[in-house]
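The structure appears below as structure tokens.
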Amino acid sequence: MATVDYVTGEIVWQEEEQYTAEEFLAFLNKVTEAYPTGNIVMILDNARIHHANMLEPFLKEMEGRLKLVFLPPYSHQLNIVEGLWKWLKSDVINNVFYYTAAEIRKNVHTFMENINPMKVIDRLCVRMESNAIQENL
């Protein structure tokens with residue numbers, strides 16, 4: 001799970017064995033801790049875990065500070081984090097043979113921890129703006 005800050009290029013991420021509503025709630029807590037002040041808008045797909053009833057107390061507590069915006073189906077290109085996953089796969093997984101899952105995790109962790117925020121903006125955020133402008137022409 002990850003978020004990309006469109007303004008700063010900073011990434012908040014969390015590796016999970018399973019993607020459950022409990023893990024998503026833990027991730028939301030991590031994001032709100034990473035941004036202790038101000039408002040947060042998260043763009044999400046419509047995965048079932050993003051709509052779990054168990055999130056309601058937390059979302060009610062964060063009302064006015066955390067807003068979840070859900071994309072229409074089949075519109076992954078509008079979510080910046082999808083570009084991050086594509087980038088990660090091309091740099092870490094594509095055309096590489098790993099003997100163990102631990103090797104993959106190690107390289108994913110290295111990639112995510114060492115990613116340069118300015119490179120994130122150049123590669124993902126600016127490209128997203130360019131695509132949006134072209135689509136509106």
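Simple scheme: letters A, B, ... for chains in structure tokens order, numbers from 1 for residues in each chain, numbers from 1 for ligands in the order shown.
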Check chain A with DSSP on the backbone and list each residue it calls strand (DSSP E), as a VMD selection string. chain A and resid 2 to 4 11 to 13 40 to 44 66 to 70
Can you list, as JSON, numbers by chain, every residue of chain A that DSSP puts in helix (DSSP H, G or I)? {"A": [21, 22, 23, 24, 25, 26, 27, 28, 29, 30, 31, 32, 33, 34, 48, 49, 50, 51, 53, 54, 55, 56, 57, 58, 59, 60, 61, 76, 77, 78, 80, 81, 82, 83, 84, 85, 86, 87, 88, 89, 90, 91, 92, 93, 101, 102, 103, 104, 105, 106, 107, 108, 109, 110, 111, 112, 113, 114, 117, 118, 119, 120, 121, 122, 123, 124, 125, 126, 127, 128, 129, 130, 131, 132, 133, 134, 135, 136]}
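Using only C-alpha atoms, the contacts of region 22-35 of chain A at a cut-off of 7 Å, with sequence neighbours closer than 3 positions omitted, comprise Val12, Gln14, Tyr19, Ile49 and Leu55 of chain A.
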Find the residues near Leu88 (chain A): any atom within 9 Å, counting only C-alpha atoms, skip ones fewer than 4 places away on the same chain, and give them as a PDB file with N, CA, C and O atoms, in the first residue's frame.
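The file below, result.pdb, is the result:
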```pdb
ATOM      1  N   GLY A  83       1.093   4.517 -11.282  1.00  0.00           N
ATOM      2  CA  GLY A  83       2.356   4.791 -11.974  1.00  0.00           C
ATOM      3  C   GLY A  83       3.553   4.368 -11.142  1.00  0.00           C
ATOM      4  O   GLY A  83       4.561   3.891 -11.676  1.00  0.00           O
ATOM      5  N   LEU A  84       3.446   4.515  -9.832  1.00  0.00           N
ATOM      6  CA  LEU A  84       4.513   4.071  -8.933  1.00  0.00           C
ATOM      7  C   LEU A  84       4.676   2.563  -9.019  1.00  0.00           C
ATOM      8  O   LEU A  84       5.796   2.051  -9.094  1.00  0.00           O
ATOM      9  N   VAL A  92      12.403  -3.295 -10.593  1.00  0.00           N
ATOM     10  CA  VAL A  92      12.741  -4.331  -9.615  1.00  0.00           C
ATOM     11  C   VAL A  92      12.384  -5.740 -10.082  1.00  0.00           C
ATOM     12  O   VAL A  92      13.134  -6.675  -9.846  1.00  0.00           O
ATOM     13  N   ILE A  93      11.269  -5.906 -10.764  1.00  0.00           N
ATOM     14  CA  ILE A  93      10.767  -7.254 -11.015  1.00  0.00           C
ATOM     15  C   ILE A  93      10.945  -7.714 -12.460  1.00  0.00           C
ATOM     16  O   ILE A  93      11.337  -8.854 -12.707  1.00  0.00           O
ATOM     17  N   VAL A 108      12.305  -4.616  -3.311  1.00  0.00           N
ATOM     18  CA  VAL A 108      11.169  -3.690  -3.273  1.00  0.00           C
ATOM     19  C   VAL A 108      11.393  -2.683  -2.146  1.00  0.00           C
ATOM     20  O   VAL A 108      11.208  -1.477  -2.340  1.00  0.00           O
ATOM     21  N   PHE A 111      14.029  -0.179  -3.146  1.00  0.00           N
ATOM     22  CA  PHE A 111      13.474   0.758  -4.120  1.00  0.00           C
ATOM     23  C   PHE A 111      12.622   1.815  -3.428  1.00  0.00           C
ATOM     24  O   PHE A 111      12.791   3.015  -3.646  1.00  0.00           O
ATOM     25  N   MET A 112      11.696   1.367  -2.585  1.00  0.00           N
ATOM     26  CA  MET A 112      10.754   2.290  -1.945  1.00  0.00           C
ATOM     27  C   MET A 112      11.450   3.225  -0.954  1.00  0.00           C
ATOM     28  O   MET A 112      11.086   4.392  -0.851  1.00  0.00           O
TER      29      MET A 112
END
```
List the spatial neighbours of Asn46 (chain A) as a PyMOL selection string - criterion: any atom at most 7 Å away, only C-alpha atoms, same-chain residues fewer than 4 positions off excluded. chain A and resi 50+70-71
re CA of Tyr98 (chain A) and CA of Gln77 (chain A): distance 28.7 Å
10 Å contact set for Ile121 (chain A), only C-alpha atoms, chain neighbours under 3 positions out, as a PyMOL selection string: chain A and resi 4-10+116-118+124-128
Let me see the file: selected residues, N, CA, C and O atoms, as a PDB file, in the first residue's frame.
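Heads up, here's the output in selection_28.pdb:
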```pdb
ATOM      1  N   VAL A   4       1.177   8.710  -2.741  1.00  0.00           N
ATOM      2  CA  VAL A   4       2.146   9.623  -3.348  1.00  0.00           C
ATOM      3  C   VAL A   4       1.629  11.029  -3.111  1.00  0.00           C
ATOM      4  O   VAL A   4       0.509  11.350  -3.497  1.00  0.00           O
ATOM      5  N   ASP A   5       2.454  11.848  -2.472  1.00  0.00           N
ATOM      6  CA  ASP A   5       2.099  13.251  -2.262  1.00  0.00           C
ATOM      7  C   ASP A   5       2.365  13.990  -3.557  1.00  0.00           C
ATOM      8  O   ASP A   5       3.508  14.124  -3.997  1.00  0.00           O
ATOM      9  N   TYR A   6       1.293  14.462  -4.179  1.00  0.00           N
ATOM     10  CA  TYR A   6       1.391  15.109  -5.487  1.00  0.00           C
ATOM     11  C   TYR A   6       2.239  16.380  -5.443  1.00  0.00           C
ATOM     12  O   TYR A   6       2.853  16.752  -6.423  1.00  0.00           O
ATOM     13  N   VAL A   7       2.296  17.040  -4.296  1.00  0.00           N
ATOM     14  CA  VAL A   7       3.033  18.305  -4.172  1.00  0.00           C
ATOM     15  C   VAL A   7       4.510  18.076  -3.895  1.00  0.00           C
ATOM     16  O   VAL A   7       5.375  18.704  -4.504  1.00  0.00           O
ATOM     17  N   THR A   8       4.835  17.166  -2.967  1.00  0.00           N
ATOM     18  CA  THR A   8       6.225  16.999  -2.533  1.00  0.00           C
ATOM     19  C   THR A   8       6.923  15.791  -3.135  1.00  0.00           C
ATOM     20  O   THR A   8       8.145  15.695  -3.082  1.00  0.00           O
ATOM     21  N   GLY A   9       6.157  14.836  -3.677  1.00  0.00           N
ATOM     22  CA  GLY A   9       6.745  13.612  -4.193  1.00  0.00           C
ATOM     23  C   GLY A   9       7.048  12.588  -3.117  1.00  0.00           C
ATOM     24  O   GLY A   9       7.559  11.510  -3.409  1.00  0.00           O
ATOM     25  N   GLU A  10       6.737  12.910  -1.864  1.00  0.00           N
ATOM     26  CA  GLU A  10       6.984  11.973  -0.766  1.00  0.00           C
ATOM     27  C   GLU A  10       6.042  10.781  -0.874  1.00  0.00           C
ATOM     28  O   GLU A  10       4.900  10.906  -1.299  1.00  0.00           O
ATOM     29  N   ASN A 116      13.692   8.957  -4.905  1.00  0.00           N
ATOM     30  CA  ASN A 116      13.915  10.396  -4.777  1.00  0.00           C
ATOM     31  C   ASN A 116      12.603  11.143  -5.037  1.00  0.00           C
ATOM     32  O   ASN A 116      12.022  11.014  -6.121  1.00  0.00           O
ATOM     33  N   PRO A 117      12.135  11.940  -4.053  1.00  0.00           N
ATOM     34  CA  PRO A 117      10.864  12.652  -4.235  1.00  0.00           C
ATOM     35  C   PRO A 117      10.816  13.537  -5.479  1.00  0.00           C
ATOM     36  O   PRO A 117       9.776  13.625  -6.143  1.00  0.00           O
ATOM     37  N   MET A 118      11.922  14.174  -5.836  1.00  0.00           N
ATOM     38  CA  MET A 118      11.914  15.017  -7.035  1.00  0.00           C
ATOM     39  C   MET A 118      11.752  14.168  -8.294  1.00  0.00           C
ATOM     40  O   MET A 118      11.097  14.566  -9.251  1.00  0.00           O
ATOM     41  N   LEU A 124       6.056  10.989 -12.263  1.00  0.00           N
ATOM     42  CA  LEU A 124       4.644  10.652 -12.078  1.00  0.00           C
ATOM     43  C   LEU A 124       3.720  11.856 -12.100  1.00  0.00           C
ATOM     44  O   LEU A 124       2.727  11.858 -12.809  1.00  0.00           O
ATOM     45  N   CYS A 125       4.038  12.854 -11.321  1.00  0.00           N
ATOM     46  CA  CYS A 125       3.100  13.975 -11.155  1.00  0.00           C
ATOM     47  C   CYS A 125       3.042  14.859 -12.384  1.00  0.00           C
ATOM     48  O   CYS A 125       1.960  15.205 -12.844  1.00  0.00           O
ATOM     49  N   VAL A 126       4.179  15.213 -12.936  1.00  0.00           N
ATOM     50  CA  VAL A 126       4.195  16.071 -14.124  1.00  0.00           C
ATOM     51  C   VAL A 126       3.567  15.333 -15.294  1.00  0.00           C
ATOM     52  O   VAL A 126       2.788  15.891 -16.049  1.00  0.00           O
ATOM     53  N   ARG A 127       3.841  14.056 -15.410  1.00  0.00           N
ATOM     54  CA  ARG A 127       3.268  13.256 -16.487  1.00  0.00           C
ATOM     55  C   ARG A 127       1.747  13.203 -16.350  1.00  0.00           C
ATOM     56  O   ARG A 127       1.017  13.288 -17.322  1.00  0.00           O
ATOM     57  N   MET A 128       1.269  13.093 -15.108  1.00  0.00           N
ATOM     58  CA  MET A 128      -0.178  13.053 -14.859  1.00  0.00           C
ATOM     59  C   MET A 128      -0.810  14.368 -15.313  1.00  0.00           C
ATOM     60  O   MET A 128      -1.842  14.366 -15.952  1.00  0.00           O
TER      61      MET A 128
END
```
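Take CA of Asn95 (chain A) and CA of Ala2 (chain A): the distance between them is 23.6 Å.
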For Leu44 (chain A), which residue out of A:Asn114, A:Thr100, A:Ser75, A:Thr20 is the nearest one, using only C-alpha atoms?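 Residue with the minimum atom-to-atom distance to Leu44 (chain A): A:Ser75.
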